[in-house]
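Below is target23.txt, which holds compact mmCIF, C-alpha atoms.
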```txt
# COMPACT_ATOMS: atom_id res chain seq x y z
CA MET A 1 -9.57 -25.66 -64.78
CA GLY A 2 -12.82 -26.16 -62.88
CA HIS A 3 -13.92 -26.23 -59.26
CA ASP A 4 -13.37 -30.00 -58.93
CA ASP A 5 -9.82 -29.71 -60.28
CA TYR A 6 -9.00 -27.11 -57.63
CA LYS A 7 -10.66 -29.22 -54.94
CA GLU A 8 -8.35 -32.11 -55.81
CA MET A 9 -5.31 -29.86 -55.38
CA ILE A 10 -6.16 -28.91 -51.79
CA PRO A 11 -4.57 -31.92 -49.98
CA ALA A 12 -1.23 -31.14 -51.66
CA HIS A 13 -1.72 -27.44 -50.91
CA ALA A 14 -2.12 -28.35 -47.21
CA LEU A 15 1.29 -30.04 -47.42
CA SER A 16 2.62 -26.92 -49.25
CA ALA A 17 3.71 -29.35 -51.98
CA LEU A 18 2.06 -27.71 -54.98
CA ASP A 19 4.35 -26.35 -57.66
CA ALA A 20 4.31 -22.57 -58.00
CA SER A 21 1.97 -22.45 -61.00
CA ASP A 22 -0.61 -24.76 -59.38
CA GLU A 23 -0.32 -22.89 -56.08
CA GLY A 24 -0.94 -19.58 -57.84
CA ALA A 25 -3.98 -20.88 -59.71
CA LEU A 26 -5.43 -22.44 -56.57
CA ASN A 27 -4.92 -19.28 -54.52
CA GLU A 28 -6.76 -17.33 -57.18
CA HIS A 29 -9.64 -19.79 -56.94
CA LEU A 30 -9.59 -19.72 -53.12
CA ALA A 31 -10.12 -15.99 -53.20
CA THR A 32 -13.57 -16.59 -54.65
CA CYS A 33 -14.62 -20.02 -53.32
CA ALA A 34 -15.78 -20.32 -49.71
CA GLU A 35 -16.31 -24.09 -50.01
CA CYS A 36 -12.70 -24.69 -50.98
CA ARG A 37 -11.47 -22.39 -48.21
CA ARG A 38 -13.33 -24.57 -45.71
CA ASP A 39 -11.70 -27.64 -47.28
CA VAL A 40 -8.27 -26.07 -46.79
CA ALA A 41 -8.84 -25.85 -43.02
CA GLU A 42 -9.85 -29.53 -42.88
CA TRP A 43 -6.90 -30.74 -44.92
CA GLU A 44 -4.51 -28.58 -42.90
CA ALA A 45 -5.64 -30.48 -39.79
CA THR A 46 -4.91 -33.79 -41.52
CA ALA A 47 -1.48 -32.52 -42.62
CA ALA A 48 -0.75 -31.32 -39.07
CA SER A 49 -1.34 -34.83 -37.73
CA LEU A 50 1.80 -35.90 -39.63
CA ALA A 51 3.81 -33.96 -37.05
CA LEU A 52 3.01 -36.76 -34.63
CA GLY A 53 4.85 -39.12 -36.96
CA ALA A 54 8.09 -37.49 -35.80
CA LYS A 55 9.72 -38.80 -32.65
CA PRO A 56 9.03 -36.44 -29.72
CA MET A 57 12.19 -34.84 -28.38
CA GLU A 58 13.05 -32.67 -25.42
CA PRO A 59 14.61 -29.25 -26.13
CA SER A 60 17.17 -27.94 -23.67
CA PRO A 61 15.76 -26.02 -20.66
CA GLN A 62 17.45 -22.84 -21.88
CA VAL A 63 14.93 -22.55 -24.74
CA ARG A 64 12.05 -21.97 -22.33
CA GLU A 65 14.06 -19.32 -20.47
CA LYS A 66 15.04 -17.57 -23.71
CA ILE A 67 11.40 -17.46 -24.84
CA LEU A 68 10.18 -16.00 -21.55
CA THR A 69 13.04 -13.50 -21.48
CA GLY A 70 12.21 -12.59 -25.08
CA ILE A 71 8.55 -11.82 -24.42
CA ARG A 72 9.40 -9.81 -21.30
CA SER A 73 11.62 -7.55 -23.39
CA GLU A 74 8.80 -6.82 -25.83
CA GLU A 75 6.10 -4.19 -25.49
CA PRO A 76 2.87 -5.76 -24.25
CA SER A 77 0.99 -6.10 -27.51
CA LEU A 78 -2.65 -6.67 -28.28
CA ALA A 79 -1.67 -10.12 -29.44
CA GLY A 80 0.13 -10.81 -26.23
CA ARG A 81 -2.69 -9.61 -24.06
CA SER A 82 -5.20 -11.70 -25.92
CA LEU A 83 -3.25 -14.95 -25.89
CA SER A 84 -5.51 -16.75 -23.46
CA GLU A 85 -8.60 -14.60 -23.86
CA LYS A 86 -9.20 -14.82 -27.58
CA SER A 87 -7.16 -17.63 -29.02
CA GLY A 88 -9.19 -20.48 -27.63
CA PHE A 89 -6.10 -22.23 -26.33
CA ASP A 90 -7.00 -24.66 -23.64
CA VAL A 91 -4.64 -23.02 -21.18
CA ILE A 92 -5.77 -21.85 -17.78
CA PRO A 93 -4.13 -18.53 -16.98
CA PHE A 94 -3.58 -17.22 -13.48
CA GLY A 95 -6.54 -15.05 -12.60
CA ARG A 96 -6.33 -11.62 -11.01
CA THR A 97 -8.21 -10.72 -7.86
CA PRO A 98 -10.78 -8.00 -8.70
CA ARG A 99 -10.17 -4.75 -6.89
CA ASN A 100 -12.72 -2.36 -5.51
CA LEU A 101 -12.18 0.78 -7.58
CA TRP A 102 -14.06 3.15 -5.24
CA ASN A 103 -12.13 2.08 -2.18
CA SER A 104 -8.86 2.44 -3.96
CA LEU A 105 -9.71 5.95 -5.15
CA GLY A 106 -10.39 6.96 -1.61
CA SER A 107 -11.79 10.47 -2.01
CA LEU A 108 -14.03 12.72 -4.09
CA GLY A 109 -10.99 14.69 -5.13
CA SER A 110 -9.52 11.61 -6.70
CA ILE A 111 -12.80 10.93 -8.50
CA ALA A 112 -12.85 14.45 -9.91
CA ALA A 113 -9.28 14.05 -11.08
CA VAL A 114 -10.20 10.83 -12.84
CA ILE A 115 -13.19 12.50 -14.57
CA LEU A 116 -10.99 15.39 -15.71
CA PHE A 117 -8.36 12.98 -16.93
CA ALA A 118 -10.98 10.98 -18.86
CA ALA A 119 -12.32 14.20 -20.44
CA LEU A 120 -8.80 15.13 -21.45
CA ILE A 121 -8.26 11.72 -23.07
CA VAL A 122 -11.57 12.00 -24.98
CA GLY A 123 -10.55 15.48 -26.18
CA ILE A 124 -7.18 14.21 -27.38
CA VAL A 125 -8.81 11.31 -29.25
CA VAL A 126 -11.32 13.64 -30.97
CA LEU A 127 -8.51 16.00 -32.02
CA TRP A 128 -6.41 13.07 -33.25
CA GLN A 129 -9.31 11.77 -35.34
CA GLN A 130 -9.93 15.22 -36.85
CA ASN A 131 -6.25 15.61 -37.60
CA ARG A 132 -6.14 12.19 -39.24
CA ARG A 133 -9.17 12.98 -41.41
CA LEU A 134 -7.64 16.28 -42.52
CA ARG A 135 -4.36 14.55 -43.33
CA GLN A 136 -6.15 11.92 -45.42
CA GLU A 137 -8.17 14.54 -47.29
CA ASN A 138 -4.93 16.36 -47.99
CA GLN A 139 -3.34 13.14 -49.29
CA LEU A 140 -6.35 12.48 -51.50
CA VAL A 141 -6.06 15.92 -53.05
CA GLN A 142 -2.30 15.47 -53.52
CA ILE A 143 -2.68 12.12 -55.29
CA LEU A 144 -5.58 13.21 -57.47
CA SER A 145 -3.67 16.30 -58.57
CA SER A 146 -0.53 14.28 -59.45
CA PRO A 147 0.29 13.56 -63.11
CA GLY A 148 -1.21 10.26 -64.28
CA ALA A 149 -3.63 10.03 -61.35
CA ARG A 150 -6.16 7.21 -61.68
CA LEU A 151 -9.24 6.14 -59.80
CA LYS A 152 -10.71 2.64 -59.55
CA GLU A 153 -14.02 1.84 -57.93
CA LEU A 154 -14.61 -1.24 -55.80
CA LYS A 155 -18.16 -2.51 -55.46
CA GLY A 156 -19.66 -4.39 -52.51
CA THR A 157 -20.20 -8.14 -52.98
CA THR A 158 -23.06 -10.16 -51.52
CA GLU A 159 -21.15 -10.02 -48.21
CA ALA A 160 -21.62 -6.24 -48.10
CA PRO A 161 -24.02 -5.11 -50.83
CA GLY A 162 -24.14 -1.53 -49.50
CA ALA A 163 -20.37 -1.11 -49.35
CA SER A 164 -18.23 0.74 -51.85
CA ALA A 165 -14.68 2.03 -52.09
CA LYS A 166 -12.45 4.14 -54.25
CA MET A 167 -8.77 3.51 -54.85
CA VAL A 168 -6.83 6.52 -56.09
CA PHE A 169 -3.22 6.18 -57.18
CA ASP A 170 -0.64 8.10 -59.13
CA SER A 171 2.16 7.16 -61.49
CA THR A 172 4.66 6.85 -58.61
CA GLY A 173 2.58 4.06 -57.02
CA ARG A 174 1.30 6.14 -54.13
CA ALA A 175 -2.25 4.96 -53.42
CA LEU A 176 -5.10 5.66 -51.05
CA LEU A 177 -8.16 3.48 -50.53
CA ILE A 178 -11.31 4.99 -49.05
CA ALA A 179 -14.10 2.56 -48.18
CA SER A 180 -17.58 3.08 -46.77
CA GLY A 181 -20.59 0.98 -45.82
CA LEU A 182 -18.50 -1.92 -44.49
CA PRO A 183 -19.66 -3.85 -41.43
CA ARG A 184 -17.45 -3.40 -38.38
CA PRO A 185 -14.94 -6.31 -38.32
CA PRO A 186 -15.36 -8.68 -35.39
CA GLN A 187 -12.67 -8.66 -32.70
CA GLY A 188 -9.40 -10.09 -33.98
CA LYS A 189 -10.31 -9.42 -37.61
CA GLU A 190 -9.41 -6.71 -40.11
CA TYR A 191 -10.05 -5.99 -43.75
CA GLN A 192 -7.15 -6.73 -46.07
CA LEU A 193 -6.42 -5.43 -49.55
CA TRP A 194 -5.41 -7.89 -52.32
CA PHE A 195 -3.89 -7.36 -55.74
CA ILE A 196 -5.08 -10.06 -58.12
CA GLU A 197 -3.19 -10.34 -61.38
CA PRO A 198 -4.48 -12.83 -63.94
CA LYS A 199 -2.89 -16.29 -63.61
CA ARG A 200 -0.93 -15.35 -60.49
CA ALA A 201 -1.43 -15.78 -56.79
CA PRO A 202 -3.13 -12.83 -55.09
CA ARG A 203 -0.58 -10.49 -53.52
CA PRO A 204 -1.39 -9.30 -50.01
CA GLY A 205 -1.76 -5.62 -49.22
CA LYS A 206 -2.12 -3.85 -45.91
CA THR A 207 -4.98 -4.24 -43.47
CA PHE A 208 -7.43 -1.70 -42.08
CA SER A 209 -10.39 -1.49 -39.79
CA THR A 210 -13.50 0.69 -39.93
CA ASP A 211 -15.05 3.27 -37.65
CA SER A 212 -18.56 2.97 -36.20
CA ALA A 213 -19.99 4.43 -39.43
CA GLY A 214 -18.38 1.70 -41.57
CA ARG A 215 -15.69 3.98 -43.04
CA GLY A 216 -12.12 2.85 -43.46
CA GLN A 217 -8.98 4.20 -45.16
CA LEU A 218 -5.71 2.69 -46.20
CA GLU A 219 -2.47 4.10 -47.56
CA GLU A 220 -0.59 1.74 -49.89
CA ARG A 221 2.16 1.53 -52.47
CA ILE A 222 1.16 -0.30 -55.63
CA LEU A 223 3.19 -1.75 -58.48
CA GLU A 224 3.00 -0.45 -62.02
CA VAL A 225 1.44 -3.71 -63.20
CA ASP A 226 -1.50 -3.12 -60.86
CA HIS A 227 -2.40 0.13 -62.63
CA GLU A 228 -3.84 -1.72 -65.60
CA TYR A 229 -3.93 -5.44 -65.00
CA SER A 230 -4.94 -6.08 -61.42
CA VAL A 231 -8.26 -6.50 -59.70
CA PHE A 232 -8.34 -4.97 -56.23
CA ALA A 233 -10.26 -6.94 -53.62
CA ILE A 234 -10.95 -6.56 -49.92
CA THR A 235 -11.41 -9.63 -47.71
CA LEU A 236 -11.99 -10.10 -44.01
CA GLU A 237 -8.91 -11.69 -42.43
CA PRO A 238 -7.21 -12.27 -39.08
CA ALA A 239 -5.89 -8.97 -37.66
CA GLY A 240 -2.46 -8.16 -39.03
CA GLY A 241 -3.19 -9.83 -42.34
CA VAL A 242 -2.31 -13.15 -43.97
CA LYS A 243 -0.16 -14.20 -46.92
CA SER A 244 -2.99 -15.91 -48.85
CA PRO A 245 -6.65 -14.91 -48.70
CA THR A 246 -8.79 -17.00 -46.37
CA GLY A 247 -11.91 -14.88 -45.80
CA ALA A 248 -14.87 -13.76 -47.86
CA ILE A 249 -14.53 -10.95 -50.39
CA TYR A 250 -16.40 -7.81 -49.33
CA LEU A 251 -15.32 -5.41 -52.09
CA ARG A 252 -13.77 -5.87 -55.51
CA SER A 253 -12.97 -3.84 -58.58
CA ASP A 254 -13.49 -4.77 -62.20
CA LEU A 255 -10.49 -5.16 -64.45
CA MET B 1 4.62 -14.20 -13.61
CA ALA B 2 2.12 -12.12 -15.58
CA ARG B 3 -1.13 -13.66 -16.67
CA ASP B 4 -0.46 -14.28 -20.37
CA GLU B 5 3.18 -15.07 -19.80
CA ALA B 6 1.95 -17.96 -17.66
CA ALA B 7 -0.42 -19.01 -20.45
CA LEU B 8 2.43 -19.00 -22.98
CA ALA B 9 4.66 -20.96 -20.61
CA GLU B 10 1.94 -23.56 -20.17
CA LEU B 11 1.42 -23.78 -23.90
CA TYR B 12 5.15 -24.32 -24.33
CA ASP B 13 5.25 -26.98 -21.61
CA ARG B 14 2.39 -28.83 -23.25
CA TYR B 15 3.60 -28.89 -26.85
CA ARG B 16 7.39 -28.48 -26.70
CA VAL B 17 8.34 -32.12 -27.22
CA ILE B 18 5.99 -32.56 -30.18
CA LEU B 19 7.10 -29.34 -31.86
CA PHE B 20 10.78 -29.88 -31.11
CA GLY B 21 10.53 -33.45 -32.40
CA LEU B 22 8.98 -32.09 -35.60
CA LEU B 23 11.75 -29.51 -35.99
CA MET B 24 14.45 -32.10 -35.33
CA ARG B 25 12.93 -34.34 -37.99
CA ILE B 26 12.98 -31.47 -40.46
CA LEU B 27 16.33 -29.91 -39.58
CA SER B 28 18.32 -32.77 -38.03
CA ASN B 29 20.19 -30.19 -36.00
CA ARG B 30 19.56 -29.44 -32.33
CA GLU B 31 20.87 -25.89 -32.36
CA GLU B 32 18.86 -24.87 -35.42
CA ALA B 33 15.74 -26.65 -34.13
CA GLU B 34 15.95 -24.90 -30.75
CA ASP B 35 16.43 -21.56 -32.45
CA VAL B 36 13.35 -22.10 -34.63
CA LEU B 37 11.31 -23.32 -31.66
CA GLN B 38 12.17 -20.09 -29.87
CA GLU B 39 11.12 -18.05 -32.93
CA VAL B 40 7.83 -19.93 -33.13
CA PHE B 41 6.82 -19.14 -29.56
CA LEU B 42 7.82 -15.50 -29.92
CA GLN B 43 5.61 -15.42 -33.02
CA VAL B 44 2.78 -17.01 -31.02
CA TRP B 45 3.17 -14.27 -28.43
CA ARG B 46 3.05 -11.52 -31.03
CA ARG B 47 0.35 -12.99 -33.25
CA ALA B 48 -2.04 -14.87 -30.98
CA ALA B 49 -4.82 -12.56 -32.14
CA ASP B 50 -4.41 -14.00 -35.65
CA PHE B 51 -5.52 -17.38 -34.45
CA ASP B 52 -9.10 -17.98 -35.56
CA ALA B 53 -10.72 -20.77 -33.56
CA ASN B 54 -13.35 -21.12 -36.30
CA ARG B 55 -10.68 -22.13 -38.80
CA GLY B 56 -9.06 -24.92 -36.87
CA ARG B 57 -7.65 -26.17 -33.62
CA PRO B 58 -4.78 -24.48 -31.79
CA PHE B 59 -2.72 -27.63 -32.35
CA THR B 60 -3.12 -27.31 -36.12
CA TRP B 61 -2.20 -23.62 -35.98
CA LEU B 62 0.89 -24.26 -33.85
CA VAL B 63 2.09 -27.23 -35.88
CA THR B 64 1.49 -25.49 -39.21
CA MET B 65 3.45 -22.45 -38.04
CA THR B 66 6.27 -24.60 -36.65
CA ARG B 67 6.55 -26.75 -39.73
CA SER B 68 6.49 -23.70 -42.01
CA ARG B 69 9.29 -22.01 -40.02
CA GLY B 70 11.24 -25.26 -39.97
CA ILE B 71 10.99 -25.70 -43.75
CA ASP B 72 11.97 -22.04 -44.27
CA ARG B 73 15.07 -22.59 -42.13
CA LEU B 74 15.85 -25.83 -43.95
CA ARG B 75 15.83 -24.00 -47.26
CA THR B 76 18.22 -21.38 -45.99
CA LEU B 77 20.74 -23.94 -44.86
CA ALA B 78 23.33 -25.01 -47.39
CA ALA B 79 22.61 -28.44 -48.84
CA ARG B 80 26.04 -29.79 -48.01
CA GLU B 81 25.77 -28.59 -44.46
CA ARG B 82 22.51 -30.48 -44.06
CA VAL B 83 23.95 -33.66 -45.52
CA ALA B 84 26.83 -33.44 -43.05
CA ILE B 85 24.45 -32.84 -40.19
CA ALA B 86 22.08 -35.58 -41.26
CA GLY B 87 24.97 -38.01 -41.18
CA ALA B 88 25.49 -37.20 -37.53
CA ARG B 89 21.79 -37.29 -36.63
CA ASP B 90 21.46 -37.08 -32.86
CA GLU B 91 18.48 -38.88 -31.43
CA SER B 92 20.00 -39.64 -28.06
CA GLU B 93 17.60 -37.36 -26.25
CA ALA B 94 14.43 -38.62 -27.81
CA VAL B 95 11.65 -38.76 -25.27
CA SER B 96 9.92 -42.02 -24.60
CA ASP B 97 6.13 -41.83 -24.49
CA ALA B 98 6.04 -42.39 -20.76
CA ALA B 99 8.69 -39.83 -20.02
CA SER B 100 6.68 -36.75 -20.84
CA ASP B 101 3.43 -35.60 -19.30
CA ALA B 102 2.88 -33.20 -22.13
CA PHE B 103 3.12 -35.62 -24.99
CA ARG B 104 -0.03 -37.46 -25.95
CA SER B 105 1.25 -40.93 -26.67
CA GLU B 106 -2.23 -42.11 -27.57
CA GLN B 107 -2.57 -39.63 -30.41
CA ARG B 108 0.91 -40.45 -31.65
CA GLY B 109 0.01 -44.12 -31.62
CA LEU B 110 -3.03 -43.39 -33.76
CA VAL B 111 -1.02 -41.46 -36.31
CA THR B 112 1.85 -43.95 -36.51
CA SER B 113 -0.68 -46.77 -36.84
CA ALA B 114 -2.51 -44.88 -39.61
CA LEU B 115 0.78 -44.20 -41.41
CA ALA B 116 1.74 -47.85 -41.11
CA GLN B 117 -1.45 -48.75 -42.97
CA LEU B 118 -0.56 -46.56 -45.95
CA PRO B 119 1.26 -48.29 -48.79
CA ASP B 120 4.85 -47.08 -49.03
CA GLU B 121 4.18 -45.60 -52.47
CA GLN B 122 1.62 -43.25 -50.89
CA LYS B 123 3.41 -42.64 -47.58
CA ARG B 124 6.78 -41.71 -49.05
CA PRO B 125 5.59 -38.70 -51.08
CA LEU B 126 3.70 -37.42 -48.02
CA MET B 127 6.81 -37.69 -45.85
CA LEU B 128 8.99 -36.00 -48.47
CA ALA B 129 6.50 -33.14 -48.76
CA TYR B 130 5.88 -32.70 -45.06
CA PHE B 131 9.32 -33.19 -43.52
CA ASP B 132 11.59 -32.23 -46.43
CA GLY B 133 9.45 -29.46 -47.90
CA LEU B 134 9.61 -30.85 -51.43
CA THR B 135 7.08 -29.89 -54.10
CA GLN B 136 5.29 -32.48 -56.22
CA SER B 137 7.73 -31.97 -59.13
CA GLU B 138 10.72 -32.36 -56.79
CA ILE B 139 9.19 -35.51 -55.31
CA ALA B 140 8.60 -36.92 -58.79
CA ALA B 141 12.25 -36.26 -59.66
CA ARG B 142 13.47 -37.72 -56.37
CA LEU B 143 11.41 -40.90 -56.76
CA GLY B 144 11.83 -41.17 -60.51
CA ALA B 145 8.06 -41.34 -60.95
CA PRO B 146 5.81 -39.45 -63.37
CA LEU B 147 4.40 -36.22 -61.93
CA GLY B 148 0.80 -37.33 -62.49
CA THR B 149 1.43 -40.54 -60.57
CA VAL B 150 2.93 -38.62 -57.64
CA LYS B 151 -0.07 -36.28 -57.55
CA THR B 152 -2.50 -39.18 -57.49
CA ARG B 153 -0.57 -41.07 -54.82
CA MET B 154 -0.34 -38.01 -52.59
CA ARG B 155 -4.04 -37.27 -52.88
CA THR B 156 -4.97 -40.90 -52.25
CA GLY B 157 -2.58 -41.09 -49.30
CA MET B 158 -3.98 -37.94 -47.71
CA MET B 159 -7.56 -39.14 -48.20
CA LYS B 160 -6.75 -42.47 -46.63
CA LEU B 161 -4.95 -40.82 -43.71
CA ARG B 162 -7.94 -38.56 -43.09
CA GLU B 163 -10.28 -41.52 -43.26
CA LEU B 164 -8.17 -43.53 -40.80
CA LEU B 165 -8.00 -40.66 -38.32
CA ALA B 166 -11.60 -39.49 -38.73
CA GLY B 167 -13.14 -42.00 -36.33
CA LYS B 168 -10.64 -40.99 -33.67
CA ASP B 169 -11.42 -37.31 -33.92
CA ALA B 170 -12.81 -36.95 -30.38
CA SER B 171 -9.60 -38.15 -28.78
CA PHE B 172 -7.63 -36.00 -31.17
CA GLY B 173 -8.92 -32.72 -29.86
CA PHE B 174 -5.76 -31.21 -28.33
```
Write the structure described by the file as structure tokens, please.
Amino acid sequence: MGHDDYKEMIPAHALSALDASDEGALNEHLATCAECRRDVAEWEATAASLALGAKPMEPSPQVREKILTGIRSEEPSLAGRSLSEKSGFDVIPFGRTPRNLWNSLGSLGSIAAVILFAALIVGIVVLWQQNRRLRQENQLVQILSSPGARLKELKGTTEAPGASAKMVFDSTGRALLIASGLPRPPQGKEYQLWFIEPKRAPRPGKTFSTDSAGRGQLEERILEVDHEYSVFAITLEPAGGVKSPTGAIYLRSDL
Amino acid sequence: MARDEAALAELYDRYRVILFGLLMRILSNREEAEDVLQEVFLQVWRRAADFDANRGRPFTWLVTMTRSRGIDRLRTLAARERVAIAGARDESEAVSDAASDAFRSEQRGLVTSALAQLPDEQKRPLMLAYFDGLTQSEIAARLGAPLGTVKTRMRTGMMKLRELLAGKDASFGF
């Protein structure tokens, strides 16, 4: 099947009407074709317009109350905080009156306390990062010393020619990905791991971000079939990950 | 009311009748539709950061998520239950265009007019896919038409729909 064949399948994909085999083949193609991924977004907008073909109806007032009660009971998440700031929704939130920090602190003693507190926080973060690095190095050694340990290399694509990564895994499926040279993801984006078996839809893995030096790590569990038959790829996706790849590939392994 | 809670409430107020109408069309059951609508907005709250303005409009994102959740729920309901519910379809509380500030009657008019211009043989597969969640093979079986014919009609129908709505894009910007 060629590029034009896949392109013709996209309107039905936007209606989620493709049969499983076609959907799998198209998803595999989408992982490598930016033009078709752009087409998907356009056709999804056309499909969404069909919603207006349904008669508008009023839900009961209790639904609104349940939703607002539901979000109040949840921890304030990054997603929640960014609802109006990053999503681009045309919703005007209630603004907050800026406060004068110095007036509210009131005294030099308070300022000193704040500085000490900030230093303490920085110290805790540095220790946490060191601890995390040590833990990951320990995991790496553990996996590499396990029976049947394997290593696959991922090379940077044209999106990140200087990037590289190593995926180590053992016979139990325990895996660790260590990447370097990746550009820092923009706000609201993360890198996501994909398992691409021949003739099947890419399976999503976990997401990760990078530090200021372009390094990122990810712990995963992988299936036995991935040991031999899967290509590993890293794409840039919305934070939290997606079910099918939508972004450009930054790293990929050979079969 | 906290800042983003107010934003979510406003989002709900603006789109609730469209999204609830969509869910009622899919599920034909008020209780199920309200439950899914609630799930959708809780998902919006948790996953707003996933929305990528470069990939499409908020309306598309919201509708796609709502429709997907609605179809998922539809598939979990027993077929016989749905048939029974569909028989007692309740449309008594449908909102007239003038009755809701939030609903954009103009955009709905454009879509219904565009759909009316599609031949039935193209429109029907689109409706079965979108509101009933059927795949192309299932649509072919339902209509008793060859699979290749269904694929062609769906593609042609979608292209025509896009063409009919394209000139109205500016007023479609939700």
By how many Å are atom CA of Ser113 of chain B and atom CA of Ser49 of chain A apart? 12.0 Å
Counting all atoms listed in the file, find the residues whose atoms lie at most 8 Å from (-7.6, -24.5, -53.3) (file coordinates) and write them out as a PyMOL selection string. chain A and resi 6-7+9-10+13+23+26-27+29-30+36-37+39-40
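The residue that comes closest to chain A, out of B:Leu77, B:Leu118, B:Leu165, B:Ala7 and on the basis of only C-alpha atoms, is B:Ala7.
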With distances taken over only C-alpha atoms, which residue among B:Glu31, B:Glu10, B:Val40, B:Arg67 lies nearest Asp132 of chain B? B:Arg67
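The neighbours of segment 233-240 of chain A here are the residues that come within 8 Å of it, using all atoms listed in the file and leaving out any residue fewer than 5 positions away in the same chain; they are A:Leu154, A:Pro185, A:Gly188, A:Lys189, A:Glu190, A:Tyr191, A:Gln192, A:Leu193, A:Trp194, A:Phe195, A:Ile196, A:Thr207, A:Pro245, A:Thr246, A:Gly247, A:Ala248, A:Ile249, A:Tyr250, A:Leu251, A:Arg252, A:Ser253, B:Ala49, B:Asp50, B:Phe51, B:Asp52.
The list of residues within 8 Å of (-2.8, 10.9, -55.0), counted using only C-alpha atoms, is Gln139, Leu140, Val141, Gln142, Ile143, Leu144, Ser145, Ser146, Ala149, Val168, Phe169, Asp170, Arg174, Ala175 and Leu176 of chain A.
Taking atom CA of Arg108 of chain B and atom CA of Glu5 of chain B as the two end points, the separation is 28.1 Å.
Considering all atoms listed in the file, the residue among A:Ser164, A:Thr158, A:Ser171, A:Ser60 positioned nearest to Gln217 of chain A is A:Ser164.
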Between A:Pro198, A:Gly2, A:Pro11, A:Gly216, smallest distance to Gly157 of chain B by all atoms listed in the file belongs to A:Pro11
How many Å separate atom CA of Glu28 of chain A from atom CA of Ala201 of chain A? 5.6 Å
Which is closest to chain A among B:Arg46, B:Lys160, B:Arg153, B:Arg14, if we use only C-alpha atoms? B:Arg46
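The closest residue to Ile26 of chain B, picked from A:Ile115, A:Val242, A:Ile71, A:Ala51 and counting all atoms listed in the file, is A:Ala51.
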Write out as a ChimeraX atom specification the residues lying within 12 Å of Asp211 of chain A, counting only C-alpha atoms and excluding same-chain residues fewer than 6 positions away. /A:129,133,179-185,190,217
Export of segment 149-160 of chain B: N, CA and C atoms, as a short mmCIF file (atom, residue, chain, number, x, y, z; two decimals), in the first residue's frame:
```cif
data_model
loop_
_atom_site.label_atom_id
_atom_site.label_comp_id
_atom_site.auth_asym_id
_atom_site.auth_seq_id
_atom_site.Cartn_x
_atom_site.Cartn_y
_atom_site.Cartn_z
N THR B 149 -17.82 -0.33 -2.17
CA THR B 149 -18.80 0.74 -2.45
C THR B 149 -18.99 1.64 -1.24
N VAL B 150 -19.08 1.01 -0.06
CA VAL B 150 -19.25 1.78 1.18
C VAL B 150 -18.04 2.70 1.39
N LYS B 151 -16.85 2.16 1.16
CA LYS B 151 -15.64 2.97 1.36
C LYS B 151 -15.66 4.19 0.44
N THR B 152 -16.00 3.96 -0.82
CA THR B 152 -16.03 5.06 -1.78
C THR B 152 -17.09 6.09 -1.40
N ARG B 153 -18.27 5.62 -1.02
CA ARG B 153 -19.34 6.56 -0.67
C ARG B 153 -19.00 7.38 0.57
N MET B 154 -18.34 6.75 1.53
CA MET B 154 -17.96 7.48 2.74
C MET B 154 -16.94 8.56 2.41
N ARG B 155 -15.96 8.18 1.62
CA ARG B 155 -14.89 9.14 1.27
C ARG B 155 -15.48 10.30 0.47
N THR B 156 -16.33 9.97 -0.48
CA THR B 156 -16.94 11.02 -1.31
C THR B 156 -17.82 11.91 -0.45
N GLY B 157 -18.58 11.31 0.45
CA GLY B 157 -19.47 12.08 1.33
C GLY B 157 -18.68 13.03 2.22
N MET B 158 -17.58 12.53 2.79
CA MET B 158 -16.76 13.38 3.66
C MET B 158 -16.13 14.53 2.86
N MET B 159 -15.68 14.23 1.65
CA MET B 159 -15.06 15.27 0.82
C MET B 159 -16.08 16.35 0.48
N LYS B 160 -17.28 15.90 0.17
CA LYS B 160 -18.33 16.86 -0.19
C LYS B 160 -18.72 17.71 1.02
#
```
